[in-house]
$ cat upload.tsv   # TSV, C-alpha atoms
chain	number	residue	atom	x	y	z
A	29	MET	CA	-4.69	-7.28	10.46
A	30	GLY	CA	-1.53	-9.29	9.86
A	31	GLY	CA	-0.69	-7.51	6.60
A	32	ARG	CA	-1.06	-4.08	8.20
A	33	LEU	CA	1.08	-5.00	11.18
A	34	VAL	CA	3.88	-6.51	9.10
A	35	PHE	CA	3.89	-3.47	6.79
A	36	PHE	CA	3.38	-0.53	9.14
A	37	GLY	CA	5.28	-2.03	12.08
A	38	PRO	CA	8.66	-1.93	10.27
A	39	ALA	CA	7.71	1.47	8.81
A	40	VAL	CA	7.33	2.93	12.31
A	41	VAL	CA	10.50	1.23	13.57
A	42	SER	CA	12.60	2.47	10.63
A	43	TYR	CA	11.13	5.97	10.94
A	44	VAL	CA	12.08	6.20	14.62
A	45	ALA	CA	15.48	4.59	14.00
A	46	VAL	CA	16.47	7.06	11.27
A	47	GLN	CA	15.20	9.95	13.39
A	48	LEU	CA	17.38	8.84	16.31
A	49	TYR	CA	20.35	7.70	14.24
A	50	PRO	CA	20.40	9.70	10.97
A	51	SER	CA	23.47	7.83	9.71
A	52	LEU	CA	21.19	4.81	9.17
A	53	GLY	CA	19.68	6.70	6.26
A	54	TYR	CA	22.83	6.09	4.24
A	55	ASP	CA	22.38	2.34	4.71
A	56	LEU	CA	18.63	2.15	4.20
A	57	LEU	CA	18.06	4.59	1.34
A	58	ALA	CA	19.08	4.60	-2.31
A	59	GLU	CA	21.47	7.37	-3.30
A	60	GLU	CA	18.85	9.32	-5.23
A	61	PHE	CA	16.89	9.89	-2.01
A	62	LEU	CA	19.82	11.21	0.01
A	63	GLU	CA	20.18	14.48	-1.90
A	64	PHE	CA	16.68	14.61	-3.33
A	65	ASP	CA	15.37	18.13	-3.90
A	66	PRO	CA	11.54	18.37	-4.04
A	67	ALA	CA	9.93	20.23	-6.92
A	68	SER	CA	8.21	22.60	-4.47
A	69	GLU	CA	7.57	23.11	-0.77
A	70	GLU	CA	4.34	21.11	-1.01
A	71	ASN	CA	5.17	18.49	-3.63
A	72	LEU	CA	7.98	16.09	-4.49
A	73	HIS	CA	7.68	15.96	-8.26
A	74	SER	CA	6.66	18.20	-11.13
A	75	ILE	CA	5.56	15.98	-14.01
A	76	PRO	CA	4.79	17.66	-17.37
A	77	THR	CA	1.14	17.32	-18.34
A	78	LEU	CA	1.88	15.42	-21.55
A	79	ALA	CA	4.00	12.87	-19.66
A	80	ARG	CA	1.41	12.13	-16.98
A	81	PRO	CA	-0.47	9.37	-18.86
A	82	VAL	CA	2.80	7.48	-19.38
A	83	ILE	CA	3.92	8.00	-15.78
A	84	SER	CA	0.51	6.93	-14.51
A	85	SER	CA	0.64	3.66	-16.47
A	86	VAL	CA	4.16	2.94	-15.16
A	87	ILE	CA	3.03	3.60	-11.58
A	88	ILE	CA	0.00	1.33	-11.96
A	89	THR	CA	2.12	-1.47	-13.44
A	90	ASN	CA	4.77	-1.27	-10.71
A	91	ASN	CA	2.25	-1.18	-7.88
A	92	ILE	CA	0.26	-4.10	-9.27
A	93	GLN	CA	3.48	-6.11	-9.53
A	94	VAL	CA	4.12	-5.50	-5.81
A	95	THR	CA	0.63	-6.70	-4.83
A	96	LEU	CA	0.86	-9.73	-7.11
A	97	LEU	CA	4.12	-10.69	-5.43
A	98	ALA	CA	2.65	-10.13	-1.95
A	99	PHE	CA	-0.27	-12.35	-2.94
A	100	GLY	CA	1.69	-15.03	-4.76
A	101	PHE	CA	4.36	-15.28	-2.08
A	102	GLY	CA	1.65	-16.57	0.22
A	103	LEU	CA	2.46	-19.94	-1.37
A	104	THR	CA	5.82	-19.81	0.41
A	105	ALA	CA	3.86	-20.27	3.66
A	106	GLY	CA	3.81	-16.50	3.98
A	107	VAL	CA	7.59	-16.08	4.28
A	108	GLY	CA	7.92	-14.26	0.97
A	109	THR	CA	4.87	-12.11	1.70
A	110	SER	CA	6.34	-11.07	5.06
A	111	ILE	CA	9.73	-10.21	3.56
A	112	LEU	CA	8.12	-8.09	0.84
A	113	LEU	CA	5.89	-6.20	3.28
A	114	ILE	CA	8.75	-5.63	5.73
A	115	PHE	CA	11.06	-4.39	2.96
A	116	ASN	CA	8.49	-1.91	1.65
A	117	GLY	CA	7.56	-0.82	5.17
A	118	VAL	CA	11.19	-0.13	6.07
A	119	HIS	CA	11.62	1.82	2.84
A	120	LEU	CA	8.53	3.95	3.51
A	121	GLY	CA	9.55	4.72	7.09
A	122	SER	CA	13.15	5.50	6.14
A	123	VAL	CA	12.16	7.90	3.36
A	124	ALA	CA	9.64	9.64	5.62
A	125	ALA	CA	12.20	10.02	8.42
A	126	TRP	CA	14.96	11.27	6.10
A	127	MET	CA	12.69	13.85	4.47
A	128	THR	CA	11.51	14.99	7.89
A	129	LEU	CA	15.07	15.36	9.18
A	130	HIS	CA	15.87	17.61	6.25
A	131	GLY	CA	12.72	19.74	6.48
A	132	LYS	CA	11.10	18.26	3.38
A	133	GLN	CA	8.26	16.40	5.07
A	134	LYS	CA	5.58	18.72	3.70
A	135	ALA	CA	6.64	17.95	0.14
A	136	LEU	CA	6.67	14.22	0.92
A	137	TRP	CA	3.22	14.12	2.46
A	138	GLY	CA	1.90	16.60	-0.07
A	139	TRP	CA	2.83	14.07	-2.75
A	140	ILE	CA	1.59	10.99	-0.88
A	141	MET	CA	-1.67	12.37	0.52
A	142	PRO	CA	-3.89	12.29	-2.60
A	143	HIS	CA	-3.17	8.65	-3.49
A	144	GLY	CA	-1.55	7.24	-0.35
A	145	ALA	CA	-4.64	5.93	1.44
A	146	THR	CA	-5.70	3.86	-1.56
A	147	GLU	CA	-2.23	2.60	-2.44
A	148	LEU	CA	-1.12	1.59	1.06
A	149	LEU	CA	-4.47	-0.03	1.83
A	150	ALA	CA	-4.21	-2.10	-1.37
A	151	ILE	CA	-0.71	-3.31	-0.45
A	152	CYS	CA	-1.90	-4.36	3.02
A	153	LEU	CA	-4.92	-6.17	1.55
A	154	ALA	CA	-2.69	-8.01	-0.94
A	155	GLY	CA	-0.56	-9.11	2.00
A	156	ALA	CA	-3.69	-10.30	3.79
A	157	ALA	CA	-4.67	-12.30	0.70
A	158	GLY	CA	-1.20	-13.85	0.67
A	159	TYR	CA	-1.58	-14.81	4.32
A	160	LEU	CA	-4.88	-16.52	3.50
A	161	LEU	CA	-2.99	-18.78	1.12
A	162	ALA	CA	-0.27	-19.24	3.74
A	163	GLY	CA	-2.85	-20.23	6.33
A	164	ALA	CA	-4.18	-22.97	4.06
A	165	ILE	CA	-0.65	-24.34	3.74
A	166	VAL	CA	0.48	-24.00	7.35
A	167	VAL	CA	-2.82	-24.82	9.07
A	168	PRO	CA	-4.96	-26.73	6.55
A	169	GLY	CA	-7.16	-28.26	9.24
A	170	GLU	CA	-8.54	-31.75	8.71
A	171	VAL	CA	-8.17	-31.67	4.92
A	172	ARG	CA	-5.29	-31.87	2.47
A	173	ARG	CA	-3.38	-28.69	1.82
A	174	SER	CA	-4.49	-28.73	-1.81
A	175	THR	CA	-8.12	-28.89	-0.70
A	176	ALA	CA	-7.62	-26.09	1.80
A	177	LEU	CA	-6.02	-23.94	-0.92
A	178	LYS	CA	-8.94	-24.59	-3.27
A	179	ARG	CA	-11.40	-23.57	-0.58
A	180	ILE	CA	-9.66	-20.31	0.30
A	181	GLY	CA	-8.17	-19.56	-3.11
A	182	GLY	CA	-11.31	-17.97	-4.54
A	183	ASP	CA	-11.65	-15.51	-1.67
A	184	ALA	CA	-7.94	-14.66	-1.77
A	185	LEU	CA	-8.05	-14.11	-5.53
A	186	ARG	CA	-11.07	-11.80	-5.24
A	187	ILE	CA	-9.17	-9.71	-2.70
A	188	GLU	CA	-6.17	-9.49	-5.06
A	189	ILE	CA	-8.35	-8.47	-8.00
A	190	GLY	CA	-9.89	-5.80	-5.81
A	191	CYS	CA	-6.39	-4.60	-4.93
A	192	MET	CA	-5.55	-4.30	-8.61
A	193	VAL	CA	-8.65	-2.15	-9.19
A	194	MET	CA	-7.69	0.04	-6.22
A	195	LEU	CA	-4.19	0.47	-7.60
A	196	VAL	CA	-5.51	1.55	-10.99
A	197	ILE	CA	-7.42	4.29	-9.15
A	198	ALA	CA	-4.38	5.17	-7.02
A	199	GLY	CA	-2.12	5.23	-10.09
A	200	LEU	CA	-4.42	7.63	-11.93
A	201	ILE	CA	-4.46	9.91	-8.90
A	202	GLU	CA	-0.68	9.66	-8.45
A	203	GLY	CA	0.00	10.28	-12.12
A	204	PHE	CA	-2.41	13.16	-12.64
A	205	LEU	CA	-3.51	14.70	-9.32
A	206	SER	CA	-0.46	14.29	-7.06
A	207	PRO	CA	1.93	16.22	-9.38
A	208	SER	CA	-0.65	18.95	-10.05
A	209	SER	CA	-0.67	22.44	-8.53
A	210	ILE	CA	-3.49	21.81	-6.03
A	211	ASN	CA	-2.74	23.26	-2.60
A	212	TYR	CA	-1.91	21.38	0.59
A	213	SER	CA	-5.37	21.62	2.14
A	214	THR	CA	-6.92	20.17	-1.01
A	215	ARG	CA	-4.46	17.27	-0.84
A	216	ILE	CA	-5.52	16.58	2.74
A	217	ALA	CA	-9.16	16.74	1.63
A	218	VAL	CA	-8.52	14.16	-1.12
A	219	LEU	CA	-6.88	11.88	1.45
A	220	ALA	CA	-9.82	12.27	3.85
A	221	VAL	CA	-12.41	11.62	1.15
A	222	SER	CA	-10.49	8.51	0.01
A	223	LEU	CA	-10.41	7.15	3.56
A	224	ILE	CA	-14.15	7.78	4.00
A	225	ILE	CA	-15.04	6.13	0.69
A	226	TRP	CA	-12.97	3.01	1.37
A	227	THR	CA	-14.21	2.76	4.96
A	228	VAL	CA	-17.85	2.93	3.87
A	229	TYR	CA	-17.19	0.48	1.04
A	230	PHE	CA	-15.50	-2.16	3.18
A	231	LEU	CA	-18.08	-1.82	5.96
A	232	THR	CA	-20.83	-2.32	3.40
A	233	VAL	CA	-19.08	-5.30	1.80
A	234	GLY	CA	-18.46	-6.82	5.24
A	235	GLN	CA	-22.13	-6.56	6.18
A	236	ARG	CA	-23.17	-8.14	2.88
A	237	GLY	CA	-20.67	-10.95	3.43
A	238	GLU	CA	-22.05	-11.64	6.90
A	239	LYS	CA	-25.63	-11.72	5.59
A	240	SER	CA	-24.63	-14.02	2.73
A	241	ALA	CA	-22.80	-16.37	5.11
A	242	ALA	CA	-25.76	-16.42	7.47
A	243	ALA	CA	-28.17	-17.19	4.61
A	244	THR	CA	-25.94	-20.04	3.37
A	245	SER	CA	-25.69	-21.46	6.87
A	246	HIS	CA	-29.47	-21.30	7.26
A	247	ARG	CA	-30.06	-23.14	3.98
A	248	ASN	CA	-27.59	-25.87	4.94
A	249	SER	CA	-29.15	-26.43	8.36
$ encode --input "upload.tsv" --output "C-alpha cells"
Amino acid sequence: MGGRLVFFGPAVVSYVAVQLYPSLGYDLLAEEFLEFDPASEENLHSIPTLARPVISSVIITNNIQVTLLAFGFGLTAGVGTSILLIFNGVHLGSVAAWMTLHGKQKALWGWIMPHGATELLAICLAGAAGYLLAGAIVVPGEVRRSTALKRIGGDALRIEIGCMVMLVIAGLIEGFLSPSSINYSTRIAVLAVSLIIWTVYFLTVGQRGEKSAAATSHRNS
C-alpha cells in the first residue's frame, strides 16, 4: 500500500498541478518532452522492427535498475525509496498532463496501455519491498536490527526478484507490442488482460501464503 501511495500520490498531484498551471511543465519536464511529436495519433513511438530487440533489452535493463534502487534504498530507512518513487511519480503525472494539454493523450496512453499495468505494478512492489527493509531498520521490534533484516530480507528479496521477472515481461511488450500497429481497442484489451492475470496471480499467491503460514503456526503450536 505504501509504495502505491508514494508513487501514485505525487503522480496525481503533478498531473493536476500541470493541468491548472501549464507553465510548471517547463520546470518539471525535460526539453525533449516539451515539443515531442508522437509517431501517430494512437502511439508515441515508431520503432523499426529490426531495432526492437535492442530497444527491448535497453528498456528491461533501465526498468530493473529503477526497481533495484527502490529496493536497495530501503536500507536508508526508506528515505531513498520514497524519493525515488516520488520523483518517478511526479515525472509520470507531469508527462501525462502535458500530453493531455496538447491533445496528445491518446498517443501517450496508446503507448503505455499494453505494458503499463505490469511495469507500474512492478515499480510499486519494488517500493514495498524496500519499505519492508526500512521497517526492519526503523521498527525492529525486540530484536537487533541485523536480526530483523535477516528475518524480513528473504521475503523482500523474493518480491524484488518477482519484480524483475515482471519487468522482463513488460520490457518485451514495450519493445515489441507497444510500438506495433495494433489499434487502440486492442491496446486497451492487452491492458485489461494484464490486470486480470496479475490480479488472479497475486490473489492465488496470497491465499497460498496464508495457508502456508497457518500450517507453520499449527506445527509450532
$ residues_near_point --input "upload.tsv" --point "(14.3, 12.9, -2.3)" --cutoff "9 Å" --atoms "all atoms listed in the file" --output "PyMOL selection string"
chain A and resi 60-66+72+123+126-127+132+136
$ closest_atom_pairs --input "upload.tsv" --of "range 153-248 of chain A" --to "range 79-96 of chain A" --cutoff "9 Å" --atoms "only C-alpha atoms" --output "CSV"
residue,atom,partner,partner_atom,distance
A:Leu153,CA,A:Thr95,CA,8.5
A:Ala154,CA,A:Thr95,CA,5.3
A:Gly155,CA,A:Thr95,CA,7.3
A:Glu188,CA,A:Leu96,CA,7.3
A:Cys191,CA,A:Thr95,CA,7.3
A:Met192,CA,A:Ile92,CA,5.9
A:Leu195,CA,A:Ile88,CA,6.1
A:Val196,CA,A:Ile88,CA,5.6
A:Ile197,CA,A:Ile88,CA,8.5
A:Ala198,CA,A:Ile88,CA,7.6
A:Gly199,CA,A:Ile88,CA,4.8
A:Leu200,CA,A:Ser84,CA,5.6
A:Ile201,CA,A:Ser84,CA,8.1
A:Glu202,CA,A:Ser84,CA,6.8
A:Gly203,CA,A:Ser84,CA,4.1
A:Phe204,CA,A:Arg80,CA,5.9
A:Pro207,CA,A:Arg80,CA,8.6
$ closest_residue --input "upload.tsv" --among "A:Gly158, A:Gly163, A:Gly181, A:Gly37" --to "Phe101 in chain A" --atoms "all atoms listed in the file"
A:Gly158
$ residues_around --input "upload.tsv" --residues "range 221-231 of chain A" --least-positions-apart "5" --cutoff "9 Å" --atoms "only C-alpha atoms" --output "ChimeraX atom specification"
/A:142-143,145-146,216,236
$ residues_near_point --input "upload.tsv" --point "(18.6, 4.7, 5.7)" --cutoff "9 Å" --atoms "all atoms listed in the file" --output "PyMOL selection string"
chain A and resi 42+45-46+50-58+62+118-119+122-123+125-126
$ closest_residue --input "upload.tsv" --among "A:Leu129, A:Val218, A:Ile151, A:Phe36" --to "Tyr49 in chain A" --atoms "all atoms listed in the file"
A:Leu129
$ closest_residue --input "upload.tsv" --among "A:Ser174, A:Ser110, A:Ser74, A:Gln133" --to "Ile210 in chain A" --atoms "only C-alpha atoms"
A:Ser74
$ atom_distance --input "upload.tsv" --atom1 "CA of Pro168 in chain A" --atom2 "CA of Val34 in chain A"
22.2 Å
$ atom_distance --input "upload.tsv" --atom1 "CA of Arg186 in chain A" --atom2 "CA of Ser206 in chain A"
28.2 Å
$ closest_residue --input "upload.tsv" --among "A:Thr109, A:Ser209, A:Asn116, A:Thr232" --to "Pro38 in chain A" --atoms "all atoms listed in the file"
A:Asn116
$ atom_distance --input "upload.tsv" --atom1 "CA of Leu219 in chain A" --atom2 "CA of Gly144 in chain A"
7.3 Å
$ residues_around --input "upload.tsv" --residues "Ile165 in chain A" --least-positions-apart "4" --cutoff "9 Å" --atoms "all atoms listed in the file" --output "list in words"
Gly102, Leu103, Thr104, Ala105, Leu160, Leu161, Arg172, Arg173, Ser174, Ala176 and Leu177 of chain A
$ closest_residue --input "upload.tsv" --among "A:Ala150, A:Ile75, A:Ala39, A:Ile180" --to "Ile114 in chain A" --atoms "only C-alpha atoms"
A:Ala39
$ closest_residue --input "upload.tsv" --among "A:Gly182, A:Gly138, A:Gly169, A:Gly190" --to "Asn71 in chain A" --atoms "all atoms listed in the file"
A:Gly138
$ axis_aligned_box --input "upload.tsv" --around "range 89-106 of chain A" --padding-each-side "3 Å" --output "JSON"
{"center_x": 2.8, "center_y": -10.7, "center_z": -4.7, "size_x": 12.1, "size_y": 25.1, "size_z": 23.4}
$ residues_around --input "upload.tsv" --residues "Asn211 in chain A" --least-positions-apart "3" --cutoff "8 Å" --atoms "all atoms listed in the file" --output "list in words"
Glu70, Thr214 and Arg215 of chain A
$ build_atoms --input "upload.tsv" --residues "range 176-187 of chain A" --atoms "all heavy atoms" --output "PDB file, in the frame of the given file"
ATOM      1  N   ALA A 176      -7.517 -27.338   1.050  1.00  0.00           N
ATOM      2  CA  ALA A 176      -7.620 -26.090   1.800  1.00  0.00           C
ATOM      3  C   ALA A 176      -7.340 -24.885   0.899  1.00  0.00           C
ATOM      4  O   ALA A 176      -8.014 -23.847   0.996  1.00  0.00           O
ATOM      5  CB  ALA A 176      -6.658 -26.106   2.977  1.00  0.00           C
ATOM      6  N   LEU A 177      -6.344 -25.024   0.005  1.00  0.00           N
ATOM      7  CA  LEU A 177      -6.020 -23.940  -0.920  1.00  0.00           C
ATOM      8  C   LEU A 177      -7.166 -23.676  -1.888  1.00  0.00           C
ATOM      9  O   LEU A 177      -7.473 -22.520  -2.208  1.00  0.00           O
ATOM     10  CB  LEU A 177      -4.745 -24.267  -1.691  1.00  0.00           C
ATOM     11  CG  LEU A 177      -3.421 -24.015  -0.971  1.00  0.00           C
ATOM     12  CD1 LEU A 177      -2.260 -24.597  -1.766  1.00  0.00           C
ATOM     13  CD2 LEU A 177      -3.206 -22.524  -0.737  1.00  0.00           C
ATOM     14  N   LYS A 178      -7.805 -24.748  -2.355  1.00  0.00           N
ATOM     15  CA  LYS A 178      -8.940 -24.590  -3.270  1.00  0.00           C
ATOM     16  C   LYS A 178     -10.092 -23.868  -2.581  1.00  0.00           C
ATOM     17  O   LYS A 178     -10.767 -23.027  -3.181  1.00  0.00           O
ATOM     18  CB  LYS A 178      -9.403 -25.951  -3.773  1.00  0.00           C
ATOM     19  CG  LYS A 178      -8.453 -26.599  -4.766  1.00  0.00           C
ATOM     20  CD  LYS A 178      -8.957 -27.973  -5.193  1.00  0.00           C
ATOM     21  CE  LYS A 178      -7.976 -28.647  -6.139  1.00  0.00           C
ATOM     22  NZ  LYS A 178      -8.431 -30.012  -6.512  1.00  0.00           N
ATOM     23  N   ARG A 179     -10.298 -24.183  -1.307  1.00  0.00           N
ATOM     24  CA  ARG A 179     -11.400 -23.570  -0.580  1.00  0.00           C
ATOM     25  C   ARG A 179     -11.187 -22.080  -0.349  1.00  0.00           C
ATOM     26  O   ARG A 179     -12.119 -21.287  -0.430  1.00  0.00           O
ATOM     27  CB  ARG A 179     -11.588 -24.276   0.772  1.00  0.00           C
ATOM     28  CG  ARG A 179     -12.163 -25.678   0.659  1.00  0.00           C
ATOM     29  CD  ARG A 179     -12.314 -26.313   2.034  1.00  0.00           C
ATOM     30  NE  ARG A 179     -12.912 -27.643   1.947  1.00  0.00           N
ATOM     31  CZ  ARG A 179     -13.111 -28.444   2.998  1.00  0.00           C
ATOM     32  NH1 ARG A 179     -12.749 -28.045   4.224  1.00  0.00           N
ATOM     33  NH2 ARG A 179     -13.666 -29.636   2.829  1.00  0.00           N
ATOM     34  N   ILE A 180      -9.949 -21.710  -0.041  1.00  0.00           N
ATOM     35  CA  ILE A 180      -9.660 -20.310   0.300  1.00  0.00           C
ATOM     36  C   ILE A 180      -9.190 -19.518  -0.902  1.00  0.00           C
ATOM     37  O   ILE A 180      -9.218 -18.274  -0.894  1.00  0.00           O
ATOM     38  CB  ILE A 180      -8.590 -20.246   1.421  1.00  0.00           C
ATOM     39  CG1 ILE A 180      -8.666 -18.899   2.155  1.00  0.00           C
ATOM     40  CG2 ILE A 180      -7.183 -20.457   0.866  1.00  0.00           C
ATOM     41  CD1 ILE A 180      -9.943 -18.688   2.905  1.00  0.00           C
ATOM     42  N   GLY A 181      -8.773 -20.226  -1.965  1.00  0.00           N
ATOM     43  CA  GLY A 181      -8.170 -19.560  -3.110  1.00  0.00           C
ATOM     44  C   GLY A 181      -9.079 -18.549  -3.786  1.00  0.00           C
ATOM     45  O   GLY A 181      -8.623 -17.472  -4.192  1.00  0.00           O
ATOM     46  N   GLY A 182     -10.368 -18.883  -3.893  1.00  0.00           N
ATOM     47  CA  GLY A 182     -11.310 -17.970  -4.540  1.00  0.00           C
ATOM     48  C   GLY A 182     -11.429 -16.650  -3.799  1.00  0.00           C
ATOM     49  O   GLY A 182     -11.393 -15.568  -4.408  1.00  0.00           O
ATOM     50  N   ASP A 183     -11.558 -16.733  -2.478  1.00  0.00           N
ATOM     51  CA  ASP A 183     -11.650 -15.510  -1.670  1.00  0.00           C
ATOM     52  C   ASP A 183     -10.368 -14.684  -1.772  1.00  0.00           C
ATOM     53  O   ASP A 183     -10.412 -13.453  -1.902  1.00  0.00           O
ATOM     54  CB  ASP A 183     -11.916 -15.858  -0.202  1.00  0.00           C
ATOM     55  CG  ASP A 183     -13.309 -16.437   0.012  1.00  0.00           C
ATOM     56  OD1 ASP A 183     -14.194 -16.162  -0.826  1.00  0.00           O
ATOM     57  OD2 ASP A 183     -13.503 -17.151   1.010  1.00  0.00           O
ATOM     58  N   ALA A 184      -9.215 -15.360  -1.690  1.00  0.00           N
ATOM     59  CA  ALA A 184      -7.940 -14.660  -1.770  1.00  0.00           C
ATOM     60  C   ALA A 184      -7.770 -13.985  -3.130  1.00  0.00           C
ATOM     61  O   ALA A 184      -7.295 -12.839  -3.215  1.00  0.00           O
ATOM     62  CB  ALA A 184      -6.792 -15.635  -1.521  1.00  0.00           C
ATOM     63  N   LEU A 185      -8.177 -14.671  -4.188  1.00  0.00           N
ATOM     64  CA  LEU A 185      -8.050 -14.110  -5.530  1.00  0.00           C
ATOM     65  C   LEU A 185      -8.957 -12.895  -5.707  1.00  0.00           C
ATOM     66  O   LEU A 185      -8.561 -11.899  -6.325  1.00  0.00           O
ATOM     67  CB  LEU A 185      -8.376 -15.165  -6.579  1.00  0.00           C
ATOM     68  CG  LEU A 185      -8.233 -14.724  -8.043  1.00  0.00           C
ATOM     69  CD1 LEU A 185      -6.805 -14.273  -8.320  1.00  0.00           C
ATOM     70  CD2 LEU A 185      -8.625 -15.861  -8.979  1.00  0.00           C
ATOM     71  N   ARG A 186     -10.165 -12.948  -5.149  1.00  0.00           N
ATOM     72  CA  ARG A 186     -11.070 -11.800  -5.240  1.00  0.00           C
ATOM     73  C   ARG A 186     -10.473 -10.583  -4.536  1.00  0.00           C
ATOM     74  O   ARG A 186     -10.604  -9.451  -5.016  1.00  0.00           O
ATOM     75  CB  ARG A 186     -12.441 -12.154  -4.651  1.00  0.00           C
ATOM     76  CG  ARG A 186     -13.343 -12.916  -5.610  1.00  0.00           C
ATOM     77  CD  ARG A 186     -14.751 -13.033  -5.074  1.00  0.00           C
ATOM     78  NE  ARG A 186     -14.829 -13.965  -3.953  1.00  0.00           N
ATOM     79  CZ  ARG A 186     -15.002 -15.282  -4.087  1.00  0.00           C
ATOM     80  NH1 ARG A 186     -15.111 -15.805  -5.302  1.00  0.00           N
ATOM     81  NH2 ARG A 186     -15.083 -16.063  -3.035  1.00  0.00           N
ATOM     82  N   ILE A 187      -9.821 -10.812  -3.399  1.00  0.00           N
ATOM     83  CA  ILE A 187      -9.170  -9.710  -2.700  1.00  0.00           C
ATOM     84  C   ILE A 187      -8.072  -9.109  -3.580  1.00  0.00           C
ATOM     85  O   ILE A 187      -7.946  -7.884  -3.701  1.00  0.00           O
ATOM     86  CB  ILE A 187      -8.568 -10.180  -1.360  1.00  0.00           C
ATOM     87  CG1 ILE A 187      -9.683 -10.583  -0.397  1.00  0.00           C
ATOM     88  CG2 ILE A 187      -7.704  -9.083  -0.736  1.00  0.00           C
ATOM     89  CD1 ILE A 187      -9.180 -11.219   0.886  1.00  0.00           C
TER      90      ILE A 187
END
